[in-house]
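Below: work_12.pdb (PDB, C-alpha atoms)
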```pdb
ATOM      1  CA  MET A   1      30.685  31.946  17.783  1.00  0.00           C
ATOM      2  CA  SER A   2      30.677  28.403  19.113  1.00  0.00           C
ATOM      3  CA  GLU A   3      27.212  28.914  20.578  1.00  0.00           C
ATOM      4  CA  SER A   4      25.771  29.832  17.198  1.00  0.00           C
ATOM      5  CA  LYS A   5      27.387  26.771  15.611  1.00  0.00           C
ATOM      6  CA  GLY A   6      25.824  24.607  18.313  1.00  0.00           C
ATOM      7  CA  LEU A   7      22.436  26.200  17.739  1.00  0.00           C
ATOM      8  CA  VAL A   8      22.696  25.731  13.978  1.00  0.00           C
ATOM      9  CA  LYS A   9      23.755  22.087  14.377  1.00  0.00           C
ATOM     10  CA  ALA A  10      20.937  21.372  16.839  1.00  0.00           C
ATOM     11  CA  SER A  11      18.431  23.143  14.591  1.00  0.00           C
ATOM     12  CA  ILE A  12      19.522  21.129  11.562  1.00  0.00           C
ATOM     13  CA  HIS A  13      19.115  17.911  13.556  1.00  0.00           C
ATOM     14  CA  LEU A  14      15.640  18.981  14.674  1.00  0.00           C
ATOM     15  CA  VAL A  15      14.540  19.895  11.150  1.00  0.00           C
ATOM     16  CA  GLY A  16      15.969  16.620   9.829  1.00  0.00           C
ATOM     17  CA  HIS A  17      14.105  14.568  12.429  1.00  0.00           C
ATOM     18  CA  ILE A  18      10.875  16.420  11.708  1.00  0.00           C
ATOM     19  CA  ALA A  19      11.268  16.017   7.937  1.00  0.00           C
ATOM     20  CA  VAL A  20      12.012  12.283   8.103  1.00  0.00           C
ATOM     21  CA  GLY A  21       9.252  11.723  10.673  1.00  0.00           C
ATOM     22  CA  THR A  22       6.767  13.606   8.531  1.00  0.00           C
ATOM     23  CA  VAL A  23       7.610  11.524   5.460  1.00  0.00           C
ATOM     24  CA  MET A  24       7.238   8.306   7.473  1.00  0.00           C
ATOM     25  CA  PHE A  25       3.952   9.573   8.928  1.00  0.00           C
ATOM     26  CA  ALA A  26       2.642  10.397   5.454  1.00  0.00           C
ATOM     27  CA  ILE A  27       3.540   6.936   4.148  1.00  0.00           C
ATOM     28  CA  VAL A  28       1.760   5.128   6.983  1.00  0.00           C
ATOM     29  CA  ALA A  29      -1.220   7.508   6.771  1.00  0.00           C
ATOM     30  CA  GLY A  30      -1.384   6.760   3.053  1.00  0.00           C
ATOM     31  CA  VAL A  31      -1.481   3.039   3.787  1.00  0.00           C
ATOM     32  CA  ALA A  32      -4.280   3.614   6.330  1.00  0.00           C
ATOM     33  CA  THR A  33      -6.196   5.644   3.747  1.00  0.00           C
ATOM     34  CA  ALA A  34      -5.747   2.938   1.114  1.00  0.00           C
ATOM     35  CA  LEU A  35      -6.974   0.348   3.603  1.00  0.00           C
ATOM     36  CA  GLU A  36     -10.014   2.511   4.363  1.00  0.00           C
ATOM     37  CA  LEU A  37     -10.834   2.783   0.663  1.00  0.00           C
ATOM     38  CA  PHE A  38     -10.368  -0.977   0.305  1.00  0.00           C
ATOM     39  CA  VAL A  39     -12.722  -1.622   3.225  1.00  0.00           C
ATOM     40  CA  HIS A  40     -15.374   0.614   1.671  1.00  0.00           C
ATOM     41  CA  TRP A  41     -14.927  -1.157  -1.647  1.00  0.00           C
ATOM     42  CA  LEU A  42     -15.312  -4.532   0.082  1.00  0.00           C
ATOM     43  CA  GLN A  43     -18.528  -3.269   1.663  1.00  0.00           C
ATOM     44  CA  THR A  44     -19.960  -2.308  -1.699  1.00  0.00           C
ATOM     45  CA  MET A  45     -18.955  -5.693  -3.111  1.00  0.00           C
ATOM     46  CA  GLY A  46     -20.961  -7.453  -0.402  1.00  0.00           C
ATOM     47  CA  ALA A  47     -18.113  -8.847   1.722  1.00  0.00           C
ATOM     48  CA  SER A  48     -19.013 -10.305   5.091  1.00  0.00           C
ATOM     49  CA  GLU A  49     -19.658  -7.856   7.923  1.00  0.00           C
ATOM     50  CA  THR A  50     -17.019  -9.609  10.038  1.00  0.00           C
ATOM     51  CA  LEU A  51     -14.299  -9.000   7.466  1.00  0.00           C
ATOM     52  CA  VAL A  52     -15.347  -5.381   6.964  1.00  0.00           C
ATOM     53  CA  ASP A  53     -15.507  -4.815  10.725  1.00  0.00           C
ATOM     54  CA  VAL A  54     -12.087  -6.368  11.412  1.00  0.00           C
ATOM     55  CA  LEU A  55     -10.361  -4.514   8.581  1.00  0.00           C
ATOM     56  CA  GLY A  56     -12.071  -1.276   9.624  1.00  0.00           C
ATOM     57  CA  ARG A  57     -10.742  -1.712  13.159  1.00  0.00           C
ATOM     58  CA  VAL A  58      -7.246  -2.441  11.826  1.00  0.00           C
ATOM     59  CA  GLU A  59      -7.380   0.696   9.679  1.00  0.00           C
ATOM     60  CA  ARG A  60      -8.433   2.870  12.624  1.00  0.00           C
ATOM     61  CA  LEU A  61      -5.790   1.295  14.888  1.00  0.00           C
ATOM     62  CA  LEU A  62      -3.128   1.925  12.258  1.00  0.00           C
ATOM     63  CA  LEU A  63      -4.125   5.573  11.978  1.00  0.00           C
ATOM     64  CA  VAL A  64      -4.243   6.095  15.758  1.00  0.00           C
ATOM     65  CA  LEU A  65      -0.837   4.444  16.205  1.00  0.00           C
ATOM     66  CA  ASP A  66       0.591   6.524  13.364  1.00  0.00           C
ATOM     67  CA  VAL A  67      -0.586   9.798  14.887  1.00  0.00           C
ATOM     68  CA  GLY A  68       0.475   8.767  18.391  1.00  0.00           C
ATOM     69  CA  LEU A  69       3.949   7.707  17.341  1.00  0.00           C
ATOM     70  CA  PHE A  70       4.366  10.853  15.244  1.00  0.00           C
ATOM     71  CA  VAL A  71       3.556  12.998  18.287  1.00  0.00           C
ATOM     72  CA  ILE A  72       5.981  10.966  20.430  1.00  0.00           C
ATOM     73  CA  MET A  73       8.684  11.405  17.782  1.00  0.00           C
ATOM     74  CA  LEU A  74       8.076  15.169  17.681  1.00  0.00           C
ATOM     75  CA  LEU A  75       8.261  15.410  21.465  1.00  0.00           C
ATOM     76  CA  GLY A  76      11.452  13.322  21.541  1.00  0.00           C
ATOM     77  CA  ALA A  77      13.120  15.397  18.836  1.00  0.00           C
ATOM     78  CA  THR A  78      12.123  18.608  20.599  1.00  0.00           C
ATOM     79  CA  TRP A  79      13.445  17.293  23.921  1.00  0.00           C
ATOM     80  CA  LYS A  80      16.755  16.337  22.280  1.00  0.00           C
ATOM     81  CA  PHE A  81      16.951  19.814  20.698  1.00  0.00           C
ATOM     82  CA  ILE A  82      16.359  21.493  24.067  1.00  0.00           C
ATOM     83  CA  ARG A  83      18.988  19.289  25.745  1.00  0.00           C
ATOM     84  CA  GLU A  84      21.561  20.083  23.037  1.00  0.00           C
ATOM     85  CA  ILE A  85      20.904  23.816  23.379  1.00  0.00           C
ATOM     86  CA  TRP A  86      20.971  23.626  27.180  1.00  0.00           C
ATOM     87  CA  THR A  87      24.223  21.644  27.184  1.00  0.00           C
ATOM     88  CA  GLU A  88      25.835  24.086  24.782  1.00  0.00           C
ATOM     89  CA  ALA A  89      24.710  27.063  26.875  1.00  0.00           C
ATOM     90  CA  THR A  90      25.853  25.642  30.221  1.00  0.00           C
ATOM     91  CA  GLU A  91      29.243  24.332  29.085  1.00  0.00           C
ATOM     92  CA  LYS A  92      30.836  27.762  29.231  1.00  0.00           C
TER
END
```

Whole structure, structure tokens version:
Amino acid sequence: MSESKGLVKASIHLVGHIAVGTVMFAIVAGVATALELFVHWLQTMGASETLVDVLGRVERLLLVLDVGLFVIMLLGATWKFIREIWTEATEK
């Protein structure tokens, strides 16, 4: 019975980490999308190419970092889940 409690607890932690990470990812992705729309708007308004280029690079960097950190978070949460399950299974 203790093993199932450990599995349930570890699973709840994993789902919680994934849910919170997904919300944070969506927020940052939304900011990157808003920045992209702003850059396109600036382009149509005739802003300087330098400004449009710099902000476009920032927007792409933000999106790449967001995706990369989300993947790292998922891998870390999965690794922690596996360790918790492994520790619970080998304790007995």

**Prompt:** So which one's closest to Lys9 (chain A), A:Met73, A:Val64, A:Ala34, A:Ile85? Using only C-alpha atoms, please.
**Reply:**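 The answer is A:Ile85, which sits nearest to Lys9 (chain A).
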
**Request:** Using all atoms listed in the file, determine which residues lie at most 10 Å from Trp41 (chain A), disregarding the query and same-chain residues fewer than 6 positions distant; provide the list as number ranges by chain.
**Result:** A: 35, 47, 52

**Request:** Enter the distance from CA of Ile72 (chain A) to CA of Glu91 (chain A), in Å, rounded to one decimal.
**Result:**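 Computing the Euclidean distance for CA of Ile72 (chain A) and CA of Glu91 (chain A) yields 28.2 Å.
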
**Request:** Would you list the contacts of Thr78 (chain A) as a PyMOL selection string, taking every protein, DNA or RNA residue within 10 Å and counting all atoms listed in the file, but skipping same-chain residues closer than 4 positions in sequence?
**Result:** chain A and resi 10-11+13-15+17-18+72-74+82-84

Edge lengths and centre in Å to one decimal, as lines of an AutoDock Vina configuration file, is what I'm after for the box along x, y and z that holds all listed atoms of region 43-50 of chain A once 3 Å is added on each side.
```
center_x = -19.0
center_y = -6.3
center_z = 3.5
size_x = 9.9
size_y = 14.0
size_z = 19.1
```

**Request:** Find the spatial neighbours of region 69-71 of chain A, counting all atoms listed in the file, within a cut-off of 12 Å - ignore same-chain residues fewer than 2 positions away - and output them as number ranges by chain.
**Result:** A: 17-29, 61-67, 73-78

**Prompt:** What is the CA of Thr50 (chain A)-CA of Gly30 (chain A) distance in Å, reported with one decimal?
**Reply:**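 Going from CA of Thr50 (chain A) over to CA of Gly30 (chain A), I get 23.7 Å.
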
**Message:** Quick check, in Å to one decimal: how far apart do CA of Ser48 (chain A) and CA of Val31 (chain A) lie?
**Reply:**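 The value is 22.1 Å.
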
**Message:** I'd like to know which of A:Leu51, A:Val8, A:Ala89, A:Val58 is closest to Glu36 (chain A), using all atoms listed in the file.
**Reply:** A:Val58
